[in-house]
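Enquirer: My structure is below; once you've seen it, I'll send some questions.
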Amino acid sequence: MNVKELLKKCQRDRTAVLATNFYNFETLTAVMQAAQRMQAPVLLQLTRSSIDYMGLEQAVGMGRRAIADYGVEGWIHLDHGGSVELVERCLDAGFDSVMIDASERPFDENVSTTRRIVELARPYGVNVEAELGYVAKLGQAQGGGFTTPEEAARFVEATGVDALAVAIGSAHGFYKQAPRLDIERLAQIHAATDAALVLHGSSGIPHDMVREAIANGIVKVNLATEIKDNFMRALKGVLLESEEIDLRKVFPKAVAPVVELLCEKYRMVGSSKVK
């Protein structure tokens, strides 16, 4: 399957794919170990900052090699592509899916930018994701700017986009108060368009709430913050208790907690073949 087919299958099955960001060899290893253990498909996500840190070819090469070595079904996705130039680089590098994020621009500009990416991506046959509404970024305040069913329908019709990240109450980064997803709004958006709906900012959202979102149309669940947080918390704990300077011995000890986290997340979205 390609990513478009994967998301359509999730729509039919009322399940979702867990889309996981990775930042280095260790976080990639954790994602792959969990996916292999749970017999779940893996959608590896890279942001611009991760691409800048690891290098585009290096990051893609690591992801492709890991998918092959662990024997799981997997793809590579650009998360929050902020420019046409970056999306073009990722298309040329062989990404299976790309996101253009023009959500902070006026509606008409978001439409025109997204439509341009859809046209650019067509010869490559890759999945294109966009964002509509206000999903707060790290450090930004929550509230306001929720996606409306009417605008979602107009946006998808005008752009031809395959997948749409919707603003229904989630946020990137840590939550300062208990998150609450607007499931009724989500159901209305789902009824208004057949685009694959995406939940950004799932870290910290209760699992039963995520499952309710999946039952009402979400087919791709992004996970990033909890991966970084669990890895760094474990690593700091190891460093406090050891004088070891060989990072090849230290870093692997921080991988195991991330694997356990991800196994639970694969169960949460319903993509695991292991109960």
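Simple scheme: letters A, B, ... for chains in structure tokens order, numbers from 1 for residues in each chain, numbers from 1 for ligands in the order shown.
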Which residues, written as a list of chain:residue names, have at least one atom at most 9 Å from Arg185 of chain A, with only C-alpha atoms counted and residues fewer than 6 positions away on the same chain left out?
Expert: A:Phe146, A:Thr147, A:Thr148, A:Pro149, A:Ile168
Enquirer: Selection from above, N, CA, C and O atoms, as a PDB file, in the first residue's frame, can you write it?
Expert:
```pdb
ATOM      1  N   PHE A 146     -11.052  26.941  15.761  1.00  0.00           N
ATOM      2  CA  PHE A 146     -11.381  25.558  15.449  1.00  0.00           C
ATOM      3  C   PHE A 146     -11.814  25.439  13.987  1.00  0.00           C
ATOM      4  O   PHE A 146     -12.375  26.357  13.404  1.00  0.00           O
ATOM      5  N   THR A 147     -11.556  24.274  13.410  1.00  0.00           N
ATOM      6  CA  THR A 147     -11.990  23.976  12.048  1.00  0.00           C
ATOM      7  C   THR A 147     -13.516  23.866  12.025  1.00  0.00           C
ATOM      8  O   THR A 147     -14.114  23.259  12.912  1.00  0.00           O
ATOM      9  N   THR A 148     -14.131  24.433  10.995  1.00  0.00           N
ATOM     10  CA  THR A 148     -15.583  24.283  10.834  1.00  0.00           C
ATOM     11  C   THR A 148     -15.858  23.288   9.711  1.00  0.00           C
ATOM     12  O   THR A 148     -15.067  23.162   8.768  1.00  0.00           O
ATOM     13  N   PRO A 149     -16.969  22.570   9.790  1.00  0.00           N
ATOM     14  CA  PRO A 149     -17.318  21.620   8.729  1.00  0.00           C
ATOM     15  C   PRO A 149     -17.430  22.299   7.366  1.00  0.00           C
ATOM     16  O   PRO A 149     -16.993  21.738   6.345  1.00  0.00           O
ATOM     17  N   ILE A 168      -9.560  20.691  16.670  1.00  0.00           N
ATOM     18  CA  ILE A 168     -10.751  20.313  17.445  1.00  0.00           C
ATOM     19  C   ILE A 168     -10.463  20.333  18.950  1.00  0.00           C
ATOM     20  O   ILE A 168     -11.196  19.738  19.728  1.00  0.00           O
TER      21      ILE A 168
END
```
Enquirer: Do you know which residues are at most 12 Å from Gly237 of chain A counting only C-alpha atoms, after dropping those on the same chain fewer than 6 positions away, and could you put them as a ChimeraX atom specification?
Expert: /A:230-231,243,250-251,253-254,257
Enquirer: With N, CA, C and O atoms retained, write the just-selected residues as a PDB file, in the first residue's frame.
Expert:
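Wrote result.pdb, looks like this:
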```pdb
ATOM      1  N   ASN A 230       9.875  11.163  27.072  1.00  0.00           N
ATOM      2  CA  ASN A 230      10.221   9.887  27.703  1.00  0.00           C
ATOM      3  C   ASN A 230      11.685   9.545  27.510  1.00  0.00           C
ATOM      4  O   ASN A 230      12.345   9.056  28.434  1.00  0.00           O
ATOM      5  N   PHE A 231      12.215   9.810  26.330  1.00  0.00           N
ATOM      6  CA  PHE A 231      13.625   9.522  26.076  1.00  0.00           C
ATOM      7  C   PHE A 231      14.519  10.381  26.968  1.00  0.00           C
ATOM      8  O   PHE A 231      15.448   9.875  27.609  1.00  0.00           O
ATOM      9  N   GLU A 243      28.599   7.088  36.057  1.00  0.00           N
ATOM     10  CA  GLU A 243      29.746   7.881  35.604  1.00  0.00           C
ATOM     11  C   GLU A 243      30.196   7.430  34.211  1.00  0.00           C
ATOM     12  O   GLU A 243      31.222   7.890  33.716  1.00  0.00           O
ATOM     13  N   VAL A 250      25.167   4.154  27.309  1.00  0.00           N
ATOM     14  CA  VAL A 250      24.207   4.965  28.048  1.00  0.00           C
ATOM     15  C   VAL A 250      22.903   5.149  27.276  1.00  0.00           C
ATOM     16  O   VAL A 250      21.807   4.925  27.804  1.00  0.00           O
ATOM     17  N   PHE A 251      23.001   5.553  26.012  1.00  0.00           N
ATOM     18  CA  PHE A 251      21.806   5.882  25.246  1.00  0.00           C
ATOM     19  C   PHE A 251      20.809   4.730  25.116  1.00  0.00           C
ATOM     20  O   PHE A 251      19.600   4.958  25.212  1.00  0.00           O
ATOM     21  N   LYS A 253      19.878   2.604  27.152  1.00  0.00           N
ATOM     22  CA  LYS A 253      19.060   2.453  28.352  1.00  0.00           C
ATOM     23  C   LYS A 253      17.868   3.401  28.352  1.00  0.00           C
ATOM     24  O   LYS A 253      16.913   3.182  29.091  1.00  0.00           O
ATOM     25  N   ALA A 254      17.945   4.442  27.550  1.00  0.00           N
ATOM     26  CA  ALA A 254      16.823   5.386  27.455  1.00  0.00           C
ATOM     27  C   ALA A 254      15.830   4.990  26.378  1.00  0.00           C
ATOM     28  O   ALA A 254      14.772   5.622  26.243  1.00  0.00           O
ATOM     29  N   PRO A 257      12.077   2.688  27.758  1.00  0.00           N
ATOM     30  CA  PRO A 257      10.827   3.350  28.165  1.00  0.00           C
ATOM     31  C   PRO A 257      10.031   3.907  26.984  1.00  0.00           C
ATOM     32  O   PRO A 257       8.791   3.927  27.032  1.00  0.00           O
TER      33      PRO A 257
END
```
Enquirer: List the spatial neighbours of His77 of chain A as a JSON list (two decimals) with N, CA and C atoms, in the first residue's frame - criterion: any atom at most 12 Å away, only C-alpha atoms, same-chain residues fewer than 5 positions off excluded.
Expert:
```json
[["chain", "number", "residue", "atom", "x", "y", "z"],
["A", 2, "ASN", "N", 0.35, 2.30, -0.62],
["A", 2, "ASN", "CA", 0.96, 3.60, -0.40],
["A", 2, "ASN", "C", 0.19, 4.30, 0.72],
["A", 3, "VAL", "N", 0.60, 5.51, 1.09],
["A", 3, "VAL", "CA", -0.02, 6.17, 2.24],
["A", 3, "VAL", "C", -1.48, 6.52, 1.97],
["A", 4, "LYS", "N", -1.80, 6.92, 0.74],
["A", 4, "LYS", "CA", -3.20, 7.20, 0.42],
["A", 4, "LYS", "C", -4.06, 5.97, 0.65],
["A", 18, "LEU", "N", -0.52, 5.29, 13.62],
["A", 18, "LEU", "CA", 0.24, 6.14, 14.53],
["A", 18, "LEU", "C", 1.42, 6.71, 13.75],
["A", 19, "ALA", "N", 1.47, 8.03, 13.66],
["A", 19, "ALA", "CA", 2.54, 8.72, 12.93],
["A", 19, "ALA", "C", 3.52, 9.27, 13.96],
["A", 20, "THR", "N", 4.74, 8.73, 13.95],
["A", 20, "THR", "CA", 5.69, 9.00, 15.03],
["A", 20, "THR", "C", 6.89, 9.78, 14.51],
["A", 21, "ASN", "N", 7.21, 10.87, 15.19],
["A", 21, "ASN", "CA", 8.41, 11.62, 14.85],
["A", 21, "ASN", "C", 9.65, 10.93, 15.41],
["A", 22, "PHE", "N", 10.76, 11.04, 14.70],
["A", 22, "PHE", "CA", 12.03, 10.58, 15.26],
["A", 22, "PHE", "C", 13.07, 11.68, 15.09],
["A", 42, "VAL", "N", 4.17, 1.54, 10.40],
["A", 42, "VAL", "CA", 4.83, 2.70, 10.99],
["A", 42, "VAL", "C", 4.92, 3.83, 9.96],
["A", 43, "LEU", "N", 4.50, 5.00, 10.39],
["A", 43, "LEU", "CA", 4.61, 6.19, 9.56],
["A", 43, "LEU", "C", 5.61, 7.11, 10.24],
["A", 44, "LEU", "N", 6.83, 7.13, 9.73],
["A", 44, "LEU", "CA", 7.92, 7.91, 10.32],
["A", 44, "LEU", "C", 7.82, 9.36, 9.88],
["A", 45, "GLN", "N", 7.85, 10.27, 10.83],
["A", 45, "GLN", "CA", 7.69, 11.68, 10.52],
["A", 45, "GLN", "C", 8.99, 12.46, 10.78],
["A", 46, "LEU", "N", 9.27, 13.38, 9.87],
["A", 46, "LEU", "CA", 10.42, 14.27, 10.02],
["A", 46, "LEU", "C", 9.95, 15.71, 9.86],
["A", 47, "THR", "N", 10.35, 16.56, 10.79],
["A", 47, "THR", "CA", 10.09, 17.99, 10.69],
["A", 47, "THR", "C", 11.31, 18.68, 10.08],
["A", 48, "ARG", "N", 11.14, 19.94, 9.76],
["A", 48, "ARG", "CA", 12.27, 20.70, 9.22],
["A", 48, "ARG", "C", 13.44, 20.70, 10.19],
["A", 51, "ILE", "N", 15.23, 17.47, 10.03],
["A", 51, "ILE", "CA", 15.95, 17.39, 8.76],
["A", 51, "ILE", "C", 17.21, 18.24, 8.81],
["A", 59, "ALA", "N", 18.70, 11.39, 7.09],
["A", 59, "ALA", "CA", 17.49, 11.06, 7.83],
["A", 59, "ALA", "C", 16.62, 10.08, 7.05],
["A", 60, "VAL", "N", 16.44, 10.33, 5.76],
["A", 60, "VAL", "CA", 15.64, 9.43, 4.93],
["A", 60, "VAL", "C", 16.31, 8.06, 4.83],
["A", 63, "GLY", "N", 15.70, 6.12, 7.98],
["A", 63, "GLY", "CA", 14.34, 5.62, 8.04],
["A", 63, "GLY", "C", 14.11, 4.44, 7.12],
["A", 64, "ARG", "N", 14.57, 4.54, 5.89],
["A", 64, "ARG", "CA", 14.39, 3.45, 4.92],
["A", 64, "ARG", "C", 15.12, 2.17, 5.39],
["A", 87, "VAL", "N", 9.07, 21.18, 0.76],
["A", 87, "VAL", "CA", 8.25, 20.10, 0.23],
["A", 87, "VAL", "C", 8.87, 19.54, -1.06],
["A", 90, "CYS", "N", 11.75, 17.32, -0.28],
["A", 90, "CYS", "CA", 11.32, 16.03, 0.27],
["A", 90, "CYS", "C", 10.69, 15.13, -0.80],
["A", 91, "LEU", "N", 9.98, 15.72, -1.73],
["A", 91, "LEU", "CA", 9.45, 14.94, -2.85],
["A", 91, "LEU", "C", 10.59, 14.32, -3.65],
["A", 93, "ALA", "N", 13.49, 13.66, -2.57],
["A", 93, "ALA", "CA", 14.23, 12.71, -1.72],
["A", 93, "ALA", "C", 13.47, 11.40, -1.54],
["A", 94, "GLY", "N", 12.26, 11.32, -2.07],
["A", 94, "GLY", "CA", 11.52, 10.06, -2.03],
["A", 94, "GLY", "C", 10.56, 9.89, -0.88],
["A", 95, "PHE", "N", 10.13, 10.99, -0.26],
["A", 95, "PHE", "CA", 9.13, 10.87, 0.80],
["A", 95, "PHE", "C", 7.85, 10.26, 0.23],
["A", 96, "ASP", "N", 7.15, 9.50, 1.08],
["A", 96, "ASP", "CA", 5.90, 8.87, 0.68],
["A", 96, "ASP", "C", 4.69, 9.77, 0.91],
["A", 97, "SER", "N", 4.87, 10.79, 1.73],
["A", 97, "SER", "CA", 3.79, 11.66, 2.13],
["A", 97, "SER", "C", 4.39, 12.99, 2.58],
["A", 98, "VAL", "N", 3.71, 14.08, 2.28],
["A", 98, "VAL", "CA", 4.21, 15.40, 2.68],
["A", 98, "VAL", "C", 3.08, 16.23, 3.24],
["A", 99, "MET", "N", 3.43, 17.09, 4.19],
["A", 99, "MET", "CA", 2.46, 18.04, 4.73],
["A", 99, "MET", "C", 2.92, 19.45, 4.42],
["A", 100, "ILE", "N", 2.02, 20.25, 3.91],
["A", 100, "ILE", "CA", 2.26, 21.68, 3.79],
["A", 100, "ILE", "C", 1.41, 22.35, 4.86],
["A", 126, "VAL", "N", 2.34, 10.86, -4.24],
["A", 126, "VAL", "CA", 2.41, 10.79, -2.79],
["A", 126, "VAL", "C", 1.18, 11.43, -2.15],
["A", 127, "ASN", "N", 0.97, 11.07, -0.90],
["A", 127, "ASN", "CA", -0.11, 11.63, -0.09],
["A", 127, "ASN", "C", 0.24, 13.07, 0.30],
["A", 128, "VAL", "N", -0.76, 13.96, 0.25],
["A", 128, "VAL", "CA", -0.55, 15.35, 0.66],
["A", 128, "VAL", "C", -1.49, 15.68, 1.81],
["A", 129, "GLU", "N", -0.92, 16.22, 2.87],
["A", 129, "GLU", "CA", -1.68, 16.63, 4.05],
["A", 129, "GLU", "C", -1.56, 18.15, 4.22],
["A", 220, "LYS", "N", -5.32, 9.26, 11.27],
["A", 220, "LYS", "CA", -3.87, 9.43, 11.47],
["A", 220, "LYS", "C", -3.69, 10.21, 12.77],
["A", 222, "ASN", "N", -0.86, 11.82, 15.26],
["A", 222, "ASN", "CA", 0.54, 12.22, 15.36],
["A", 222, "ASN", "C", 1.02, 12.16, 16.80]]
```
Enquirer: With only C-alpha atoms as the atoms that count, which of A:Ala102, A:Ala192, A:Val72, A:Leu132 lies nearest to Gly217 of chain A?
Expert: A:Ala192
Enquirer: I need the alpha helix (DSSP H) residues of segment 1-169 of chain A per DSSP on the backbone, written as a PyMOL selection string.
Expert: chain A and resi 3-13+25-38+48-54+56-70+84-92+107-121+149-159
Enquirer: As number ranges by chain, please: all residues of segment 178-228 of chain A that backbone DSSP puts in strand (DSSP E or B).
Expert: A: 196-199, 218-223
Enquirer: Now that the selection is made, can you save its residues with all heavy atoms as a CSV table (one decimal), in the first residue's frame?
Expert:
```csv
chain,number,residue,atom,x,y,z
A,196,ALA,N,-9.0,12.2,4.5
A,196,ALA,CA,-8.5,11.5,5.7
A,196,ALA,C,-8.2,12.6,6.8
A,196,ALA,O,-7.4,13.5,6.5
A,196,ALA,CB,-7.2,10.8,5.3
A,197,LEU,N,-8.8,12.4,7.9
A,197,LEU,CA,-8.7,13.4,9.0
A,197,LEU,C,-7.6,13.0,10.0
A,197,LEU,O,-7.4,11.9,10.3
A,197,LEU,CB,-10.0,13.6,9.8
A,197,LEU,CG,-11.2,14.0,8.9
A,197,LEU,CD1,-12.5,14.1,9.7
A,197,LEU,CD2,-10.9,15.3,8.1
A,198,VAL,N,-6.8,14.1,10.4
A,198,VAL,CA,-5.6,13.9,11.1
A,198,VAL,C,-5.7,14.6,12.5
A,198,VAL,O,-6.1,15.8,12.5
A,198,VAL,CB,-4.4,14.4,10.3
A,198,VAL,CG1,-3.1,14.1,11.1
A,198,VAL,CG2,-4.3,13.7,9.0
A,199,LEU,N,-5.2,13.9,13.5
A,199,LEU,CA,-5.2,14.5,14.9
A,199,LEU,C,-3.7,14.9,15.2
A,199,LEU,O,-2.9,14.0,15.4
A,199,LEU,CB,-5.7,13.6,15.9
A,199,LEU,CG,-5.7,14.1,17.4
A,199,LEU,CD1,-6.7,15.3,17.5
A,199,LEU,CD2,-6.1,13.0,18.3
A,218,ILE,N,-11.1,10.3,12.7
A,218,ILE,CA,-9.6,10.4,12.7
A,218,ILE,C,-9.0,9.1,12.2
A,218,ILE,O,-9.3,8.0,12.7
A,218,ILE,CB,-9.1,10.8,14.1
A,218,ILE,CG1,-9.5,12.2,14.5
A,218,ILE,CG2,-7.5,10.7,14.1
A,218,ILE,CD1,-8.9,13.3,13.6
A,219,VAL,N,-8.0,9.2,11.2
A,219,VAL,CA,-7.4,8.0,10.7
A,219,VAL,C,-5.8,8.1,10.8
A,219,VAL,O,-5.1,7.2,10.5
A,219,VAL,CB,-7.7,7.7,9.3
A,219,VAL,CG1,-9.2,7.4,9.2
A,219,VAL,CG2,-7.4,8.9,8.4
A,220,LYS,N,-5.3,9.3,11.3
A,220,LYS,CA,-3.9,9.4,11.5
A,220,LYS,C,-3.7,10.2,12.8
A,220,LYS,O,-4.2,11.3,12.9
A,220,LYS,CB,-3.2,10.2,10.3
A,220,LYS,CG,-1.8,10.5,10.4
A,220,LYS,CD,-1.2,11.1,9.1
A,220,LYS,CE,0.2,11.6,9.2
A,220,LYS,NZ,0.3,12.9,9.9
A,221,VAL,N,-2.9,9.6,13.7
A,221,VAL,CA,-2.7,10.2,15.0
A,221,VAL,C,-1.2,10.5,15.1
A,221,VAL,O,-0.4,9.6,15.1
A,221,VAL,CB,-3.2,9.3,16.1
A,221,VAL,CG1,-2.8,9.9,17.5
A,221,VAL,CG2,-4.7,9.0,16.0
A,222,ASN,N,-0.9,11.8,15.3
A,222,ASN,CA,0.5,12.2,15.4
A,222,ASN,C,1.0,12.2,16.8
A,222,ASN,O,0.3,12.6,17.7
A,222,ASN,CB,0.7,13.6,14.8
A,222,ASN,CG,0.7,13.7,13.3
A,222,ASN,OD1,0.2,12.8,12.7
A,222,ASN,ND2,1.2,14.8,12.8
A,223,LEU,N,2.2,11.7,17.0
A,223,LEU,CA,2.8,11.6,18.3
A,223,LEU,C,4.3,12.0,18.2
A,223,LEU,O,5.1,11.5,17.5
A,223,LEU,CB,2.8,10.1,18.8
A,223,LEU,CG,3.3,10.0,20.3
A,223,LEU,CD1,2.3,10.5,21.3
A,223,LEU,CD2,3.6,8.5,20.6
```
Enquirer: I want to know what sits within 7 Å of segment 104-119 of chain A, based on only C-alpha atoms, with residues of the same chain fewer than 3 positions away left out; could you give that as a list in words?
Expert: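 Once the adjacent positions are removed, what remains is Val84, Ile100, Arg122, Val128, Ala130, Phe155, Ala158, Thr159, Gly160 and Val161 of chain A.
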Enquirer: Taking into account only C-alpha atoms, which residue in the set A:Ser50, A:Ser202, A:Asn216, A:Ser170 is nearest to Thr27 of chain A?
Expert: A:Ser50
